[in-house]
Every structure is written in C-alpha cells, then in structure tokens.
Protein chains: 2
Amino acid sequence: MTRTESNPRGRAGDPHSRVCIIAGGGNLPGAIAEGLANTGLKPFVLMVEGEPDAEAGLERYDHETIALEDAPSLVARLRRRGITHVVMAGEIKRRPRVAAMRPGIGLLRFVPSLIRALAKGDDGLLRFVVEWLEKSGFKVVGAHEIVPDLVAVEGTFGNHSPSEADWRDIKAARIAAEAIGALDIGQGAVAIGGRAIALEGIEGTDAMLERVRDLRDHGRLAGKKRGVLVKCAKPGQEARTDLPSIGPRTVIGAHAAGLAGIAVEAGHSLVLDGPDMIAQANALGLFVIGLPPKDTP
Amino acid sequence: MTRTESNPRGRAGDPHSRVCIIAGGGNLPGAIAEGLANTGLKPFVLMVEGEPDAEAGLERYDHETIALEDAPSLVARLRRRGITHVVMAGEIKRRPRVAAMRPGIGLLRFVPSLIRALAKGDDGLLRFVVEWLEKSGFKVVGAHEIVPDLVAVEGTFGNHSPSEADWRDIKAARIAAEAIGALDIGQGAVAIGGRAIALEGIEGTDAMLERVRDLRDHGRLAGKKRGVLVKCAKPGQEARTDLPSIGPRTVIGAHAAGLAGIAVEAGHSLVLDGPDMIAQANALGLFVIGLPPKDTP
C-alpha cells in the first residue's frame, strides 16, 4: 500500500498540504483524524450535519459543520481553508432535499453530469462529488492512502487462529460476501457449520451480527457452534469510498453472536483502533485474520 | 403443473392412496392438509415434536407426534398406518441428538449413505430421508404435486399492478434473490429505489421484512419509498422440499415494511391461503404477481 504518486500538489504528508476529512457516521473519520494527528498533520474536519457519532470525538480537531443542502458551497469553503486534499469517510444516512439547494455558478456546469449521477443512485452521486472536487483542483484520496497504517495486512492479528472447521466457514462466508459485493449490495456475510446464514444488506455489519446473536439465542441455529464473519471489498470498488472496516466493536459484536472469529480481505479492508481490537479479540478468544486479496481493484 | 406420472402405486388422489404429511413449522403443512381434505382425502399428519405452529390447526386431522430422535421408527410407523405417499412440509428448527437415536435393522444398511449425507449438511440429510423413504416403498411427493392449487401462476393476483419504478425494484430484487439462491443461502430479497437492500438468510422472510420495517422506521432508507419483495426457488431446488411460499402474513409484513408489492416465480412458488392473501393485498393496496419462471428445475 503506497501513497498516491500522481498528486499535483504533493503528497498528503508534505508540509504544504492540508487535509480535510468530510465526516459521516461511524468510527472511520475519527480513526483517520487520529492517524493524521499522530503523524504531525493537523486535519480539518468538515462534519456533515447530523451524521458523525458523538463518540467519534471529532470536535477535538479544527472543524466546521456543513448541511447537506449547503453542498454547493463545499468548494468555496475548502478553498477558504487552504485545503489541498480531501478524504470522504463514514456513512451519510440522510439525503439532501434537492429543492433546498442553491448551486453556485461554479457548480452549474456540472449539472448535466449530476443528473446522470443521480440516476445511478448513491454510488453515482459519490462519483460525481469526487469528480467535481478533483476538477476544482483538490486531490481526493482514500483513507488507505493518507493513513496506510489502517490497511489490513495478511495473516493472523492476535493470539488465536482458525480451526479447520473455521476455514470451511471462512470459505463459505467469503463466497457469499463476494457474491453480494458483486451485486453492489453489501460487504459482509456470516457462515456457521460450513454454510452462509446471514448476509449484510443496508443494515450494516453490527446489525447483522445482532441478528445472528438473536437467531442463536432463539435456538434458530440448530445447536451449531462457532462460525465466522467475513468482510470483502466490492469487486472494482472505488477505493476512495469506504473500504470494509472492522474494529473493537466488530469483535464485541462477533463474540456476542457466538462466532469464532473474523476474516477480512488484506489490502482492501481497514482496521480501526487496531491495538484495541486485537486486545479485545485476545481477551474474548476470537481470531482475526487478513485473507490473501483476491485481486487488485 | 401436473401431478407425477411415475408413481408406482398410483396418484396421490387415487382411492387406495393414503398421504402422510410430515409436518414442521409454518403455514405450509396446514395448507396441504386443507387442500387434501378439500378434495375428499383424509390426510394423516405426523407432527415433528415441538415444530408445528399451534395456529396451523393440524390436530383437527388424524395425527400423531414423532420425536426427531425416533426418526429410525419412521418407516415402521408409516407402514402401520398404510401410508402410500409422503410429503415433508414446514421448517424443522431442531436437529436430532444423534446419541439418543437407535437405528433398527432396516435403517442400518443406509448408514454409509447417512454418513455421507450428514457431511453435506441439512440439504444432504433431507435427500437422505427422501432416498430412505423411497427405497422403503413410499412415494415422496412435493406439495405442488398433491395440492397443485397452491402453485403460483403467472400474472397479477389482485387489483394492484407494479409501476415502472416497481419493475426496476423487481428486477434488482430478483437478481439478488437468484444469486443467494444459487449459493443455497436463501430465497428472498427486498429492493428499494432500484437497489437490493436486504437479503434473506436463515432468519426467513418474515424476519427480513421486520428488518426492513425497522430500517425504514429509523430513517435508514434515506427517504426512499415503496420497494418490493421477490422470492425465487433455488436453481435446481429439490422440488419435494419446501418451495418459496407467500401468504397473508407475507402481505401484512410487506405492508408494514412500506413495500409496494410482492413478486414470486410462477410454477416454482407456493401461495398459501390464496383468497385471504389476495383480499389482504387488495385492502392494503399491495400488488402480488407471479413472474415468468426463469427455467424448469
């Protein structure tokens, strides 16, 4: 995993670069801000109104809030702050009320491609924002490019390793996760007893793990023990959008669901709060491993 | 949909045939019993201990209960009752405690294939039971063979039809349902706004619809309206195992989840309590349609 070389204004770590994190929900924005701060950079956090989790602690950094409906002012606000690099991180659950938006003259020439983008759904919209920011002179980067420490590596992360039966579950869950990823639906699956039994849709990994916990509590898993969670990137996933990520909360959720461990695709997944996550996995007896990546996206 | 022609002891509707329903949970066993009774046949119901729903009303028919651990006595019990045809219907959530089972001499010769079957999981086990019963002289039939009225036909079932946007959802959900069916995971998917957002695992259709309702209640569907549920048979599904089914409860669940309608694969899906289901759909404003089957399994 190397940082981008094609950056017209230098790398994100250069003294003259200034990184803005456009922050949605979840743990990723905080992990990026912390990673940047640890390398001596001072990130600017643009919090999308109503989206960041309170526990993400983003207020401790230089920050502002932007309403979704003020998105047309984004370029001007980033310029005013002297931003060179932008990373978009975290889930944005709300969608803007388009009627309340007033695009400025700078955005107007993008309207035809915006209309095409909207027809393609959320992924299309995201690609539009990336294109708009890049054409406006910012470098849009992925979390893995500016905080490479977050990227999952291959191999065992803690003290525990998968058993032979766990490997059968890993294989079954990975096939399922890749299949739903290919359909652009989700990134995760749980397999128990050699068979995928839960698939992640829009509800997210934590909610899927809660479901597996409930199924087990209600005796719906026919007495089967253990099982694994596998998360994979979507084939050809735009690497500047959120890659699949795991963290301490994933380990706690997997343990509550009675699973034996977690596997992610090395190189295409992020590990948040790594040391904390590994300590949790060791304490709870779960394995966490990075699988060999299937291909380069 | 025609009844089987290769039946060595005549068709299930012949005066000399006697049908046993081995009954698990859900509405299907009751629908089969009612369908048989409506044609003048007197079904014998063998209730798998602890599995049938109380509201299925199976006690109104000639019935007995069998513990999973007494499965080795199955053939003898069916013979004693003069059974000619067997239909296995409904979900069996428990798995037998193998240590508590005492196979008789008749079952012993099947032990090698039982061991192979167990290694293949639940589907393998089911195929083993089918093989054992057939080699013991019973005809194992699917619900669609003995109560053909249950089979979903092509076209619109009630007063409401899908809009153009609904058709996009039907297409997206069908692709997803077929993909997870091909992996032998589940039979259903929900698509909203042209995108599959929930996939059915072991939790079942009703639980998936509850999840979609919760996601919508918590504003997780980004204001998107309508959406559809699609259920498909698994490619090459053993037609004597439960085909995907819908009924009044599915319509109520889909309505609670804010969906516009339900689509199933004609010929390879069952409709339980059809008139009731259509009345519900008409009252709640949902469409229910049978899609052209993709292929003959």
# chains A, B, ... in the order shown; residues from 1 in each chain; ligands from 1
$ residues_around --residues "range 49-55 of chain A" --least-positions-apart "2" --cutoff "7 Å" --atoms "only C-alpha atoms" --output "MDAnalysis selection string"
chainID A and resid 23:26 47 57 65:68 92
$ write_last_selection --atoms "N, CA and C atoms" --output "short mmCIF file (atom, residue, chain, number, x, y, z; two decimals), in the first residue's frame"
data_model
loop_
_atom_site.label_atom_id
_atom_site.label_comp_id
_atom_site.auth_asym_id
_atom_site.auth_seq_id
_atom_site.Cartn_x
_atom_site.Cartn_y
_atom_site.Cartn_z
N ALA A 23 -16.76 14.26 7.07
CA ALA A 23 -17.03 13.19 8.03
C ALA A 23 -18.50 12.84 8.14
N GLY A 24 -18.80 11.56 7.92
CA GLY A 24 -20.12 11.00 8.21
C GLY A 24 -20.07 10.21 9.52
N GLY A 25 -20.95 9.20 9.63
CA GLY A 25 -21.03 8.43 10.88
C GLY A 25 -20.02 7.31 10.96
N GLY A 26 -19.96 6.67 12.14
CA GLY A 26 -19.08 5.54 12.33
C GLY A 26 -17.71 5.94 12.86
N MET A 47 -17.78 18.34 9.29
CA MET A 47 -18.75 17.36 9.77
C MET A 47 -20.07 17.55 9.02
N GLY A 57 -15.53 11.87 18.62
CA GLY A 57 -14.64 12.89 19.19
C GLY A 57 -14.02 13.81 18.16
N THR A 65 -19.22 22.53 10.60
CA THR A 65 -20.32 21.66 10.20
C THR A 65 -20.90 22.16 8.89
N ILE A 66 -21.28 21.23 8.01
CA ILE A 66 -21.91 21.62 6.75
C ILE A 66 -23.22 20.84 6.60
N ALA A 67 -24.29 21.56 6.27
CA ALA A 67 -25.56 20.89 6.00
C ALA A 67 -25.50 20.28 4.60
N LEU A 68 -26.17 19.16 4.43
CA LEU A 68 -26.17 18.52 3.11
C LEU A 68 -26.66 19.49 2.05
N ILE A 92 -23.21 8.39 5.39
CA ILE A 92 -24.14 9.53 5.39
C ILE A 92 -25.53 8.97 5.15
#
$ interface_residues --of "chain A" --to "chain B" --cutoff "7 Å" --atoms "only C-alpha atoms" --output "JSON, numbers by chain"
{"A": [93, 94, 95, 185, 196, 197, 198, 199, 201, 202, 220, 222]}
$ write_last_selection --atoms "all heavy atoms" --output "short mmCIF file (atom, residue, chain, number, x, y, z; two decimals), in the first residue's frame"
data_model
loop_
_atom_site.label_atom_id
_atom_site.label_comp_id
_atom_site.auth_asym_id
_atom_site.auth_seq_id
_atom_site.Cartn_x
_atom_site.Cartn_y
_atom_site.Cartn_z
N LYS A 93 -26.35 9.01 6.21
CA LYS A 93 -27.65 8.34 6.14
C LYS A 93 -28.70 9.23 5.47
O LYS A 93 -29.57 8.73 4.76
CB LYS A 93 -28.12 7.98 7.55
CG LYS A 93 -27.27 6.90 8.20
CD LYS A 93 -27.72 6.63 9.62
CE LYS A 93 -26.80 5.64 10.31
NZ LYS A 93 -27.07 5.58 11.75
N ARG A 94 -28.63 10.52 5.75
CA ARG A 94 -29.61 11.43 5.16
C ARG A 94 -29.30 11.64 3.68
O ARG A 94 -28.19 11.38 3.23
CB ARG A 94 -29.58 12.79 5.87
CG ARG A 94 -30.34 12.84 7.19
CD ARG A 94 -30.45 14.28 7.66
NE ARG A 94 -31.08 15.10 6.63
CZ ARG A 94 -30.63 16.29 6.24
NH1 ARG A 94 -29.55 16.83 6.77
NH2 ARG A 94 -31.26 16.97 5.29
N ARG A 95 -30.29 12.10 2.94
CA ARG A 95 -30.09 12.52 1.56
C ARG A 95 -30.55 13.97 1.48
O ARG A 95 -31.50 14.35 2.17
CB ARG A 95 -30.89 11.64 0.59
CG ARG A 95 -30.34 10.22 0.47
CD ARG A 95 -28.93 10.21 -0.10
NE ARG A 95 -28.29 8.91 0.01
CZ ARG A 95 -27.55 8.53 1.05
NH1 ARG A 95 -27.38 9.33 2.08
NH2 ARG A 95 -26.98 7.35 1.06
N ILE A 185 -24.40 -4.86 -3.18
CA ILE A 185 -25.40 -4.87 -2.11
C ILE A 185 -24.74 -4.67 -0.75
O ILE A 185 -25.13 -3.80 0.01
CB ILE A 185 -26.20 -6.19 -2.11
CG1 ILE A 185 -26.98 -6.32 -3.42
CG2 ILE A 185 -27.14 -6.25 -0.91
CD1 ILE A 185 -27.66 -7.64 -3.62
N ALA A 196 -23.32 -20.21 4.67
CA ALA A 196 -23.66 -18.80 4.93
C ALA A 196 -25.09 -18.73 5.43
O ALA A 196 -26.00 -19.31 4.83
CB ALA A 196 -23.50 -17.98 3.66
N ILE A 197 -25.29 -18.04 6.56
CA ILE A 197 -26.64 -17.97 7.13
C ILE A 197 -27.14 -16.54 7.28
O ILE A 197 -28.32 -16.32 7.52
CB ILE A 197 -26.71 -18.69 8.50
CG1 ILE A 197 -25.70 -18.04 9.48
CG2 ILE A 197 -26.43 -20.17 8.38
CD1 ILE A 197 -26.36 -17.31 10.58
N ALA A 198 -26.26 -15.56 7.16
CA ALA A 198 -26.70 -14.17 7.25
C ALA A 198 -25.90 -13.33 6.27
O ALA A 198 -24.69 -13.49 6.15
CB ALA A 198 -26.53 -13.63 8.66
N LEU A 199 -26.59 -12.45 5.57
CA LEU A 199 -25.97 -11.61 4.55
C LEU A 199 -26.23 -10.16 4.89
O LEU A 199 -27.33 -9.79 5.26
CB LEU A 199 -26.58 -11.92 3.18
CG LEU A 199 -26.49 -13.38 2.73
CD1 LEU A 199 -27.30 -13.58 1.46
CD2 LEU A 199 -25.05 -13.79 2.53
N GLY A 201 -27.05 -6.48 4.25
CA GLY A 201 -27.65 -5.53 3.32
C GLY A 201 -27.34 -4.14 3.81
O GLY A 201 -26.26 -3.87 4.35
N ILE A 202 -28.30 -3.24 3.68
CA ILE A 202 -28.08 -1.86 4.05
C ILE A 202 -27.98 -1.68 5.57
O ILE A 202 -27.53 -0.64 6.05
CB ILE A 202 -29.22 -0.99 3.45
CG1 ILE A 202 -28.77 0.43 3.23
CG2 ILE A 202 -30.46 -1.05 4.30
CD1 ILE A 202 -29.80 1.29 2.52
N ARG A 220 -32.29 -20.85 16.76
CA ARG A 220 -32.55 -20.98 15.34
C ARG A 220 -31.33 -21.50 14.57
O ARG A 220 -31.39 -21.66 13.36
CB ARG A 220 -32.99 -19.64 14.75
CG ARG A 220 -34.33 -19.14 15.25
CD ARG A 220 -35.45 -19.99 14.69
NE ARG A 220 -35.40 -20.05 13.23
CZ ARG A 220 -35.88 -19.12 12.43
NH1 ARG A 220 -36.48 -18.08 12.91
NH2 ARG A 220 -35.80 -19.25 11.13
N ALA A 222 -29.88 -24.34 15.24
CA ALA A 222 -29.87 -25.80 15.32
C ALA A 222 -28.66 -26.33 16.08
O ALA A 222 -28.07 -27.32 15.71
CB ALA A 222 -29.93 -26.39 13.91
#
$ residues_around --residues "Glu265 in chain B" --least-positions-apart "5" --cutoff "6 Å" --atoms "only C-alpha atoms" --output "count of residues only"
4
$ residues_around --residues "Gly188 in chain A" --least-positions-apart "6" --cutoff "6 Å" --atoms "only C-alpha atoms" --output "mmCIF file with N, CA and C atoms, in the first residue's frame"
data_model
loop_
_atom_site.group_PDB
_atom_site.id
_atom_site.type_symbol
_atom_site.label_atom_id
_atom_site.label_comp_id
_atom_site.auth_asym_id
_atom_site.auth_seq_id
_atom_site.Cartn_x
_atom_site.Cartn_y
_atom_site.Cartn_z
ATOM 1 N N ALA A 177 -19.991 -13.274 0.615
ATOM 2 C CA ALA A 177 -19.690 -11.833 0.683
ATOM 3 C C ALA A 177 -19.277 -11.314 -0.685
ATOM 4 N N GLU A 200 -25.197 -9.346 4.719
ATOM 5 C CA GLU A 200 -25.313 -7.932 5.066
ATOM 6 C C GLU A 200 -25.949 -7.141 3.939
ATOM 7 N N VAL A 230 -17.046 -12.695 7.570
ATOM 8 C CA VAL A 230 -16.075 -12.302 6.543
ATOM 9 C C VAL A 230 -16.545 -10.997 5.901
ATOM 10 N N LYS A 231 -15.615 -10.060 5.751
ATOM 11 C CA LYS A 231 -15.908 -8.824 5.027
ATOM 12 C C LYS A 231 -14.948 -8.675 3.849
#
$ closest_residue --among "A:Glu178, A:Glu145, A:Asp276, A:Asp169" --to "Thr241 in chain A" --atoms "only C-alpha atoms"
A:Glu145
$ closest_residue --among "A:Val141, A:Leu46, A:Met208, A:Val153" --to "Gly274 in chain A" --atoms "only C-alpha atoms"
A:Val153
$ atom_distance --atom1 "CA of Gly285 in chain A" --atom2 "CA of His160 in chain A"
6.6 Å
$ residues_around --residues "Ala56 in chain A" --least-positions-apart "6" --cutoff "8 Å" --atoms "only C-alpha atoms" --output "PyMOL selection string"
chain A and resi 26-27+29-30
$ write_last_selection --atoms "all heavy atoms" --output "short mmCIF file (atom, residue, chain, number, x, y, z; two decimals), in the first residue's frame"
data_model
loop_
_atom_site.label_atom_id
_atom_site.label_comp_id
_atom_site.auth_asym_id
_atom_site.auth_seq_id
_atom_site.Cartn_x
_atom_site.Cartn_y
_atom_site.Cartn_z
N GLY A 26 -19.96 6.67 12.14
CA GLY A 26 -19.08 5.54 12.33
C GLY A 26 -17.71 5.94 12.86
O GLY A 26 -17.45 7.13 13.15
N ASN A 27 -16.82 4.96 12.96
CA ASN A 27 -15.52 5.18 13.59
C ASN A 27 -14.42 5.62 12.62
O ASN A 27 -13.36 6.05 13.05
CB ASN A 27 -15.05 3.90 14.27
CG ASN A 27 -15.95 3.50 15.41
OD1 ASN A 27 -16.50 4.38 16.09
ND2 ASN A 27 -16.12 2.21 15.62
N PRO A 29 -14.01 8.24 10.42
CA PRO A 29 -13.49 9.62 10.40
C PRO A 29 -12.55 9.91 11.58
O PRO A 29 -11.49 10.52 11.39
CB PRO A 29 -14.77 10.47 10.49
CG PRO A 29 -15.85 9.60 9.93
CD PRO A 29 -15.48 8.20 10.35
N GLY A 30 -12.92 9.43 12.76
CA GLY A 30 -12.06 9.64 13.94
C GLY A 30 -10.73 8.93 13.80
O GLY A 30 -9.68 9.47 14.18
#
$ atom_distance --atom1 "CA of Thr84 in chain B" --atom2 "CA of Arg18 in chain B"
5.3 Å
$ residues_around --residues "Lys294 in chain B" --least-positions-apart "6" --cutoff "12 Å" --atoms "only C-alpha atoms" --output "VMD selection string"
chain B and resid 154 174 to 175 178 232 to 236 264 to 268
$ residues_around --residues "range 242-248 of chain A" --least-positions-apart "5" --cutoff "8 Å" --atoms "only C-alpha atoms" --output "short mmCIF file (atom, residue, chain, number, x, y, z; two decimals) with all heavy atoms, in the first residue's frame"
data_model
loop_
_atom_site.label_atom_id
_atom_site.label_comp_id
_atom_site.auth_asym_id
_atom_site.auth_seq_id
_atom_site.Cartn_x
_atom_site.Cartn_y
_atom_site.Cartn_z
N MET A 88 -13.20 11.50 2.04
CA MET A 88 -14.60 11.37 2.46
C MET A 88 -14.72 10.07 3.24
O MET A 88 -14.37 9.00 2.73
CB MET A 88 -15.51 11.38 1.25
CG MET A 88 -15.44 12.72 0.52
SD MET A 88 -16.63 12.85 -0.84
CE MET A 88 -15.90 11.69 -1.98
N ALA A 89 -15.22 10.16 4.46
CA ALA A 89 -15.21 8.97 5.31
C ALA A 89 -16.45 8.91 6.17
O ALA A 89 -16.91 9.91 6.71
CB ALA A 89 -13.97 8.97 6.21
N GLY A 90 -16.99 7.71 6.31
CA GLY A 90 -18.13 7.50 7.19
C GLY A 90 -19.44 7.53 6.44
O GLY A 90 -19.55 8.06 5.32
N GLY A 142 -8.17 8.23 -0.64
CA GLY A 142 -8.81 7.26 0.22
C GLY A 142 -8.10 7.22 1.57
O GLY A 142 -6.94 7.61 1.69
N ALA A 143 -8.84 6.75 2.58
CA ALA A 143 -8.26 6.64 3.92
C ALA A 143 -6.96 5.83 3.88
O ALA A 143 -5.98 6.15 4.57
CB ALA A 143 -9.25 5.99 4.87
N GLN A 187 -21.12 -5.95 2.03
CA GLN A 187 -19.71 -6.33 2.12
C GLN A 187 -19.46 -7.50 3.04
O GLN A 187 -18.33 -7.96 3.15
CB GLN A 187 -18.90 -5.14 2.63
CG GLN A 187 -19.03 -3.88 1.79
CD GLN A 187 -18.30 -2.71 2.39
OE1 GLN A 187 -18.32 -2.52 3.61
NE2 GLN A 187 -17.64 -1.93 1.56
N LYS A 231 -15.62 -10.06 5.75
CA LYS A 231 -15.91 -8.82 5.03
C LYS A 231 -14.95 -8.68 3.85
O LYS A 231 -13.75 -8.92 3.99
CB LYS A 231 -15.78 -7.61 5.95
CG LYS A 231 -16.87 -7.57 7.03
CD LYS A 231 -16.84 -6.27 7.81
CE LYS A 231 -17.51 -5.14 7.06
NZ LYS A 231 -17.72 -3.93 7.93
N CYS A 232 -15.50 -8.32 2.70
CA CYS A 232 -14.69 -8.15 1.48
C CYS A 232 -15.07 -6.84 0.81
O CYS A 232 -16.21 -6.42 0.90
CB CYS A 232 -14.99 -9.25 0.47
SG CYS A 232 -14.49 -10.88 0.97
N ALA A 233 -14.13 -6.24 0.11
CA ALA A 233 -14.45 -5.09 -0.74
C ALA A 233 -15.29 -5.57 -1.91
O ALA A 233 -15.24 -6.73 -2.30
CB ALA A 233 -13.18 -4.43 -1.25
N GLN A 237 -14.40 -1.84 -6.36
CA GLN A 237 -14.88 -0.76 -5.50
C GLN A 237 -14.00 0.48 -5.62
O GLN A 237 -12.77 0.39 -5.58
CB GLN A 237 -14.90 -1.24 -4.04
CG GLN A 237 -15.32 -0.14 -3.07
CD GLN A 237 -15.62 -0.69 -1.69
OE1 GLN A 237 -15.64 -1.89 -1.46
NE2 GLN A 237 -15.87 0.21 -0.74
N HIS A 268 -7.52 -4.52 1.05
CA HIS A 268 -8.75 -3.85 0.64
C HIS A 268 -9.70 -3.67 1.82
O HIS A 268 -10.92 -3.54 1.62
CB HIS A 268 -9.45 -4.63 -0.46
CG HIS A 268 -8.56 -4.94 -1.63
ND1 HIS A 268 -7.78 -3.98 -2.23
CD2 HIS A 268 -8.30 -6.10 -2.27
CE1 HIS A 268 -7.10 -4.53 -3.21
NE2 HIS A 268 -7.38 -5.81 -3.25
N SER A 269 -9.19 -3.74 3.04
CA SER A 269 -10.03 -3.56 4.22
C SER A 269 -9.27 -2.70 5.21
O SER A 269 -8.04 -2.64 5.17
CB SER A 269 -10.34 -4.90 4.90
OG SER A 269 -10.82 -5.84 3.98
N LEU A 270 -10.02 -2.05 6.11
CA LEU A 270 -9.39 -1.18 7.11
C LEU A 270 -9.61 -1.75 8.49
O LEU A 270 -10.64 -2.36 8.78
CB LEU A 270 -10.00 0.22 7.03
CG LEU A 270 -9.96 0.91 5.66
CD1 LEU A 270 -10.63 2.27 5.74
CD2 LEU A 270 -8.52 1.04 5.16
N VAL A 271 -8.61 -1.58 9.34
CA VAL A 271 -8.72 -1.97 10.74
C VAL A 271 -8.68 -0.71 11.59
O VAL A 271 -7.68 0.02 11.56
CB VAL A 271 -7.58 -2.93 11.14
CG1 VAL A 271 -7.67 -3.25 12.63
CG2 VAL A 271 -7.63 -4.20 10.32
N LEU A 272 -9.76 -0.43 12.29
CA LEU A 272 -9.85 0.76 13.12
C LEU A 272 -9.47 0.41 14.56
O LEU A 272 -9.86 -0.63 15.07
CB LEU A 272 -11.26 1.34 13.07
CG LEU A 272 -11.83 1.52 11.65
CD1 LEU A 272 -13.19 2.19 11.71
CD2 LEU A 272 -10.87 2.31 10.79
N ASP A 273 -8.72 1.29 15.22
CA ASP A 273 -8.28 1.04 16.59
C ASP A 273 -7.66 -0.35 16.70
O ASP A 273 -8.06 -1.15 17.55
CB ASP A 273 -9.47 1.15 17.57
CG ASP A 273 -10.14 2.52 17.49
OD1 ASP A 273 -9.41 3.51 17.34
OD2 ASP A 273 -11.37 2.58 17.58
N GLY A 274 -6.70 -0.63 15.83
CA GLY A 274 -6.08 -1.95 15.76
C GLY A 274 -5.64 -2.54 17.09
O GLY A 274 -6.06 -3.65 17.42
N ASP A 276 -6.46 -1.90 20.14
CA ASP A 276 -7.64 -2.13 20.95
C ASP A 276 -8.41 -3.36 20.46
O ASP A 276 -8.85 -4.20 21.25
CB ASP A 276 -8.54 -0.90 20.78
CG ASP A 276 -9.18 -0.51 22.08
OD1 ASP A 276 -8.45 -0.51 23.09
OD2 ASP A 276 -10.39 -0.23 22.08
N MET A 277 -8.56 -3.45 19.14
CA MET A 277 -9.31 -4.56 18.57
C MET A 277 -8.61 -5.88 18.86
O MET A 277 -9.24 -6.87 19.24
CB MET A 277 -9.45 -4.37 17.06
CG MET A 277 -10.32 -5.45 16.42
SD MET A 277 -10.13 -5.51 14.63
CE MET A 277 -8.52 -6.29 14.50
N ILE A 278 -7.29 -5.90 18.70
CA ILE A 278 -6.54 -7.14 18.93
C ILE A 278 -6.61 -7.53 20.41
O ILE A 278 -6.79 -8.71 20.73
CB ILE A 278 -5.09 -6.97 18.44
CG1 ILE A 278 -5.09 -6.83 16.91
CG2 ILE A 278 -4.22 -8.16 18.87
CD1 ILE A 278 -3.76 -6.40 16.31
N GLN A 280 -9.05 -6.89 22.45
CA GLN A 280 -10.40 -7.43 22.65
C GLN A 280 -10.48 -8.87 22.14
O GLN A 280 -11.03 -9.75 22.79
CB GLN A 280 -11.43 -6.60 21.87
CG GLN A 280 -11.78 -5.27 22.50
CD GLN A 280 -12.80 -5.43 23.63
OE1 GLN A 280 -13.16 -6.54 24.00
NE2 GLN A 280 -13.20 -4.31 24.19
N ALA A 281 -9.96 -9.10 20.92
CA ALA A 281 -10.03 -10.42 20.32
C ALA A 281 -9.27 -11.44 21.17
O ALA A 281 -9.76 -12.55 21.41
CB ALA A 281 -9.47 -10.38 18.89
#
$ select_by_dssp --residues "range 133-239 of chain B" --states "alpha helix (DSSP H)" --output "ChimeraX atom specification"
/B:133-135,143-146,164-182,205-217
